[in-house]
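For reference, the structure discussed in these notes is given below.
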Amino acid sequence: MRIIRRIPNTVLFNTIFVTVNILMASTRFSLSRSVHPILKRPPCSSSPRFAPKALLKSYPCPLWSSSFSFCLQTLHHSTSPYLSSSSFSFSSCSSFSPPSMASSFTVDDSIGSNPLLQDFDFPPFDIVEAKHVRPGIRALLKKLESGLDELEKTVEPSWPKLVEPLEKIVDRLTVVWGMVNHLKAVKDSAELRAAIEEVQPEKVKFQLRLGQSKPIYNAFKAIKESPDWQSLSEARNRIVDAQIKEAVLNGVSLEDDKREQFNKIEQELERLSHKFSENVLDATKKFEKLITYNKEIDGLPATALGLAAQTAVSKGHENATAENGPWMITLDAPSFVSVMQHARNRALREEVYRAYITRASSGDLDNTPIINQILKLRLEKAKLLNYNNYAEISMATKMATVDKAEELLEKIRSASWDAAVQDVEDLKSYSKSQAASEADSLSHWDISFWSERLRESKYDINEEELRPYFSFSKVMDGLFNLAKILFGIDIEPADGLAPVWNKDVRFYCVKDSSGSPIAYFYFDPYSRPLEKREGAWMDEVVSRSRVVSRNGTTARLPVAHMVCNQTPPVGDKPSLMTFREVETVFHEFGHALQHMLTKQDEGLVAGIRGVEWDAVELPSQFMENWCYHRDTLMSIAKHYQTGESLPEEVYLKLLAARTFRAGSLSLRQIRFASLDLELHTKYIPDGPESVYDVDQRVSRKTQVIPPLPEDRFLCGFNHIFAGGYAAGYYSYKWAEVLSADAFSAFEDAGLEDNKAVKETGHKFRETVLALGGGKAPLEVFVEFRGREPSPEALLKHNGLLSVTA
């Protein structure tokens with residue numbers, strides 16, 4: 001779920017702190033707060049953390065799709081092999097068995113051909129079209145309404161009579177809506193948008209009714225007050241407590257008139273969130289700059305030129321080549337980042353930078369009024385629920401409090417400031433030594449360019465020259481081998497077993513040490529700017545659950561999807577990744593591992609479900625640390641043509657460069673997190689300050705070089721306006737403290753001691769990855785680490801410990 005829109009935590013190649021939304025939209029999960037706790041997702045990408053996807057991604061991550069309770073045999077006839085009613089017999093996965101998923105809902109024959117309503121083991125992503133959305137979702141909602149009616153009539157304060165039927169209802173909706181929502185993110189079209197927009201209010205209406213059901217709420221309270229409460233498992237206790245708290249946050253206690261007002265606010269917030277995201281995507285696609293003269297693209301590496309020519313071909317310039325052009329520059333991440341880092345043409349850098357920071361801020365795509373309305377409605381919602389501001393609502397279901405979050409951000413800000421000031425001075429000195437005309441007046445479109453030149457000079461590392469060592473296939477092989485060493489699992493290709501939405505999507509099976517499948521996941525790696533949302537995220541397709549399994553005893557196996565936007569193959573070359581793209585894949589895989597390796601059978605707290613939002617980034621950020629582990633890096637860094645390993649001296653330089661500009665990159669994240677909290681605690685809609693005034697004020701404390709007066713990055717800040725990170729962006733830093741400290745357990749054990757690494761990895765799997773939301777995250781951490789977390793490891797990893805001391 002979590003779509004976790006990804007913002008990398010390490011700093012090595014994140015010299016592009018101007019790329020606000022590229023990194024923001026990844027979340028690692030895609031998570032968006034939903035009106036019912038079971039429908040809510042944590043961070044992604046991220047989210048993408050779900051990262052609802054804000055459940056996701058797009059949220060920090062947990063629940064958009066949760067149940068595929070149908071059977072392939074009843075799916076309409078198709079020539080597609082993965083829709084065949086016969087048993088699977090693919091050579092690469094002949095021993096695999098699909099995840100067990102069961103449903104108590106049947107569909108009328110009259111709409112039986114709609115793929116959204118079919119029984120399936122894996123979603124029919126390949127055949128779902130916009131025309132299926134309206135009738136499919138409406139028929140589903142009608143059926144679920146009947147199920148809810150029946151539950152409310154027969155509900156009793158017991159697990160079989162309350163929680164199990166509730167989970168089945170929620171699961172059925174989350175899986176089908178999750179399928180549709182996912183396709184919108186990776187295969188966007190005007191027709192699909194229109195269909196979703198039309199039925200979305202009906203879906204939200206049902207969610208509101210479910211979240212505000214007093215019979216269900218009273219039954220949960222009765223369980224809490226019963227003599228049996230103390231005998232329930234810890235996981236069940238957390239489910240009951242969460243359901244009661246979320247019901248209150250969903251307005252169950254409001255009087256009729258206030259509840260009606262609350263529901264209108266929720267409907268409008270859902271609509272505005274979708275519109276915000278659509279505007280960002282459309283604004284990103286809208287910018288195109290065709291370049292015909294070599295001099296204008298001087299400095300761009302061969303990879304970028306090949307991609308620019310390939311883009312030009314797709315836009316009708318059939319004869320475009322990497323050598324002779326023409327070249328098409330866009331705001332899609334691979335194109336934008338290359339220009340900011342490498343284009344010697346300062347005017348080009350400025351033009352592209354200004355276009356990027358003003359996306360979706362004018363004309364029909366202007367997100368400014370949407371931002372203002374979202375903030376106004378969130379405050380109204382908080383007041384209705386008797387909270388002072390929206391941040392207090394957000395923190396009600398997180399580890400932190402507003403004060404604790406602000407305290408952590410200030411601690412890291414003060415530790416980073418002097419280092420960031422020195423970073424800027426270093427850039428000025430270096431650019432002056434290179435006789436740069438802009439040396440005395442560096443602006444935002446110069447920072448990434450001169451940072452890359454300084455890094456190359458200081459560490460003799462050229463990021464583009466490293467690409468040949470990071471081919472997609474080798475990176476994935478090395479990542480899977482690391483997972484085997486740490487967690488005792490095998491990951492095997494299972495392409496063909498499940499339908500996919502694009503030919504480049506890969507499908508994998510995860511097996512335990514005995515060879516039995518325990519999970520599956522999709523991976524959609526490459527950028528497709530015309531139809532795919534930017535960023536990177538992980539989300540759930542279905543979660544582990546005993547209740548919705550076919551037999552009700554053996555838990556249904558979890559299925560995830562990971563989505564990135566890395567550089568695609570160009571010509572006959574494979575996808576050659578930047579180091580930052582490698583980190584991104586490791587990050588999203590960390591989210592997926594927590595979803596897939598859970599041992600929790602209670603579906604409402606399995607995997608990333610039920611994990612507090614500000615803890616959900618722990619596994620993802622933890623995995624990024626392994627990109628700097630020698631054995632791991634050397635296992636993936638193989639030249640795609642010669643097969644030679646990355647030279648040892650280059651690896652040592654990578655390690656040395658890890659803390660390059662750490663202060664500046666840390667402040668970048670602090671700016672986003674501080675601005676997010678400011679807008680959701682102290683900002684007064686329609687007051688004396690605009691949201692841009694607030695940004696400028698916050699930036700004076702968090703940016704050495706203040707943003708331009710015309711900076712409108714907020715108009716593209718998907719994380720807090722279209723994802724699940726509203727008043728929660730601080731979660732990245734909060735979880736980074738946890739993840740760095742968790743990795744330090746491996747350092748303490750000895751990274752060169754294979755036995756110790758395996759033992760520590762096993763312990764990490766059995767706690768952080770296995771327990772899911774069934775145990776409080778602080779207790780999970782203490783069970784793994786033996787003590788409460790400390791920020792010392794994070795500051796040490798970032799080279800800022802001495803500053804703090």
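Residues in the structure tokens are named by chain (A, B, ... in the order shown) and by number from 1 within that chain; ligands are numbered from 1 in the order shown.
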Could you name the residues that touch Lys733 of chain A at 8 Å or less, counting only C-alpha atoms, but leaving out those on the same chain fewer than 3 positions away, as a PDB file with N, CA and C atoms, in the first residue's frame?
```pdb
ATOM      1  N   LEU A 409      12.831  17.456  14.597  1.00  0.00           N
ATOM      2  CA  LEU A 409      13.194  18.233  13.418  1.00  0.00           C
ATOM      3  C   LEU A 409      14.165  19.353  13.782  1.00  0.00           C
ATOM      4  N   GLN A 669      15.053  17.950   3.589  1.00  0.00           N
ATOM      5  CA  GLN A 669      13.984  17.156   4.179  1.00  0.00           C
ATOM      6  C   GLN A 669      13.340  17.877   5.362  1.00  0.00           C
ATOM      7  N   TYR A 730       7.232  14.402   8.557  1.00  0.00           N
ATOM      8  CA  TYR A 730       8.324  14.215   9.508  1.00  0.00           C
ATOM      9  C   TYR A 730       8.653  12.733   9.691  1.00  0.00           C
ATOM     10  N   GLU A 736      13.862   7.309  10.033  1.00  0.00           N
ATOM     11  CA  GLU A 736      15.278   7.218   9.683  1.00  0.00           C
ATOM     12  C   GLU A 736      16.127   7.001  10.937  1.00  0.00           C
ATOM     13  N   VAL A 737      15.697   7.587  12.033  1.00  0.00           N
ATOM     14  CA  VAL A 737      16.371   7.343  13.305  1.00  0.00           C
ATOM     15  C   VAL A 737      16.274   5.854  13.653  1.00  0.00           C
TER      16      VAL A 737
END
```
Discussion item. So that I can check the secondary structure, give me every residue of segment 172-314 of chain A assigned helix (DSSP H, G or I) by backbone DSSP, as number ranges by chain.
Written reply: A: 172-186, 190-211, 214-225, 229-231, 234-249, 256-286, 294-297, 302-314
Worksheet item: Near segment 777-791 of chain A, within 8 Å and counting only C-alpha atoms, which residues show up once chain neighbours fewer than 4 positions away are dropped, as a list in words?
Response: Met399, Val611, Glu612, Ala615, Val737, Leu738, Ala740, Asp741, Ala742, Ala745, Lys763, Phe764, Thr767, Val768, Leu771, Gly773 and Leu795 of chain A
Give me the segment 672-708 of chain A side of the contact with segment 434-448 of chain A, cut-off 12 Å, one line per residue showing its nearest atom pair and distance in Å at one decimal, counting only C-alpha atoms, sorted by chain and residue number, as a tab-separated table.
```
residue	atom	partner	partner_atom	distance
A:Gln703	CA	A:His444	CA	11.2
A:Val704	CA	A:His444	CA	11.0
A:Ile705	CA	A:His444	CA	7.8
A:Pro706	CA	A:His444	CA	9.1
A:Pro707	CA	A:His444	CA	7.8
A:Leu708	CA	A:His444	CA	8.3
```
For the residues in that selection, give me C-alpha atoms as a tab-separated table (two decimals), in the first residue's frame.
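Final output, saved to selection_37.tsv:
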```
chain	number	residue	atom	x	y	z
A	703	GLN	CA	17.55	26.68	3.53
A	704	VAL	CA	20.91	28.39	3.22
A	705	ILE	CA	19.82	29.71	-0.18
A	706	PRO	CA	16.15	30.73	0.20
A	707	PRO	CA	13.69	29.60	-2.49
A	708	LEU	CA	12.86	31.97	-5.33
```
